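Here is the structure we will look at.
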Amino acid sequence: MKALPAHQRETVHLFYHKGYTAAEIGAMLGRQEATVRSDLRRGRARLKEILKEVYDFEEGV
């Protein structure tokens, strides 16, 4: 998680660890819901890349 930019890390944390919706996160952080969803999508993609690098993970296995 520390490898993510701060805005993505914060969004991913609030969504997955605290259970807030994208709309709730947007209201809390003063961002558009669409921006929050984009941050979530990019954050998940980056975390997936990191896991592949660290664990030599192959998709579909």
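Naming works like this for the structure tokens: A, B, ... for the chains as they're shown, residue 1 at the start of each chain, ligands 1 onward in shown order.
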
Name the residues in contact with Arg9 (chain A) at a cut-off of 9 Å, using only C-alpha atoms, excluding same-chain residues fewer than 6 positions from it; report them as a VMD selection string.
-> chain A and resid 1 to 3 39 to 40 43

Write a file of the selected residues as a PDB file, in the first residue's frame, keeping C-alpha atoms.
ATOM      1  CA  MET A   1       0.000   0.000   0.000  1.00  0.00           C
ATOM      2  CA  LYS A   2       2.847   2.395   0.757  1.00  0.00           C
ATOM      3  CA  ALA A   3       3.893   2.272  -2.896  1.00  0.00           C
ATOM      4  CA  ASP A  39      -8.463   6.210  -7.979  1.00  0.00           C
ATOM      5  CA  LEU A  40      -9.772   2.820  -6.853  1.00  0.00           C
ATOM      6  CA  GLY A  43      -4.872   1.723  -7.098  1.00  0.00           C
TER       7      GLY A  43
END

Would you kindly return, as a VMD selection string, each protein, DNA or RNA residue with an atom no farther than 12 Å from any atom of His13 (chain A), considering only C-alpha atoms and excluding same-chain residues fewer than 2 positions away?
-> chain A and resid 1 to 2 4 6 to 11 15 to 22 25 36 39 to 40 43 to 44

Atoms kept (C-alpha atoms) for selection, written as a compact mmCIF listing (two decimals), in the first residue's frame:
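Below is the file again_6.txt, written as the result:
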# COMPACT_ATOMS: atom_id res chain seq x y z
CA MET A 1 0.00 0.00 0.00
CA LYS A 2 2.85 2.40 0.76
CA LEU A 4 0.64 3.91 -4.00
CA ALA A 6 -1.28 9.22 -1.26
CA HIS A 7 -4.67 9.92 -2.87
CA GLN A 8 -4.99 6.33 -4.14
CA ARG A 9 -3.78 4.86 -0.85
CA GLU A 10 -6.31 6.92 1.09
CA THR A 11 -9.14 5.97 -1.26
CA PHE A 15 -13.11 1.69 0.55
CA TYR A 16 -11.69 -1.69 1.56
CA HIS A 17 -10.73 -1.25 5.19
CA LYS A 18 -13.41 1.14 6.40
CA GLY A 19 -16.22 0.02 4.09
CA TYR A 20 -17.25 3.40 2.68
CA THR A 21 -18.84 3.70 -0.75
CA ALA A 22 -17.28 5.71 -3.55
CA ILE A 25 -15.49 8.84 0.09
CA VAL A 36 -12.84 8.20 -6.46
CA ASP A 39 -8.46 6.21 -7.98
CA LEU A 40 -9.77 2.82 -6.85
CA GLY A 43 -4.87 1.72 -7.10
CA ARG A 44 -6.03 -1.87 -7.62

Using only C-alpha atoms: which of A:Leu14, A:Tyr55, A:Arg41, A:Glu49 has the shortest distance to Leu29 (chain A) = A:Leu14
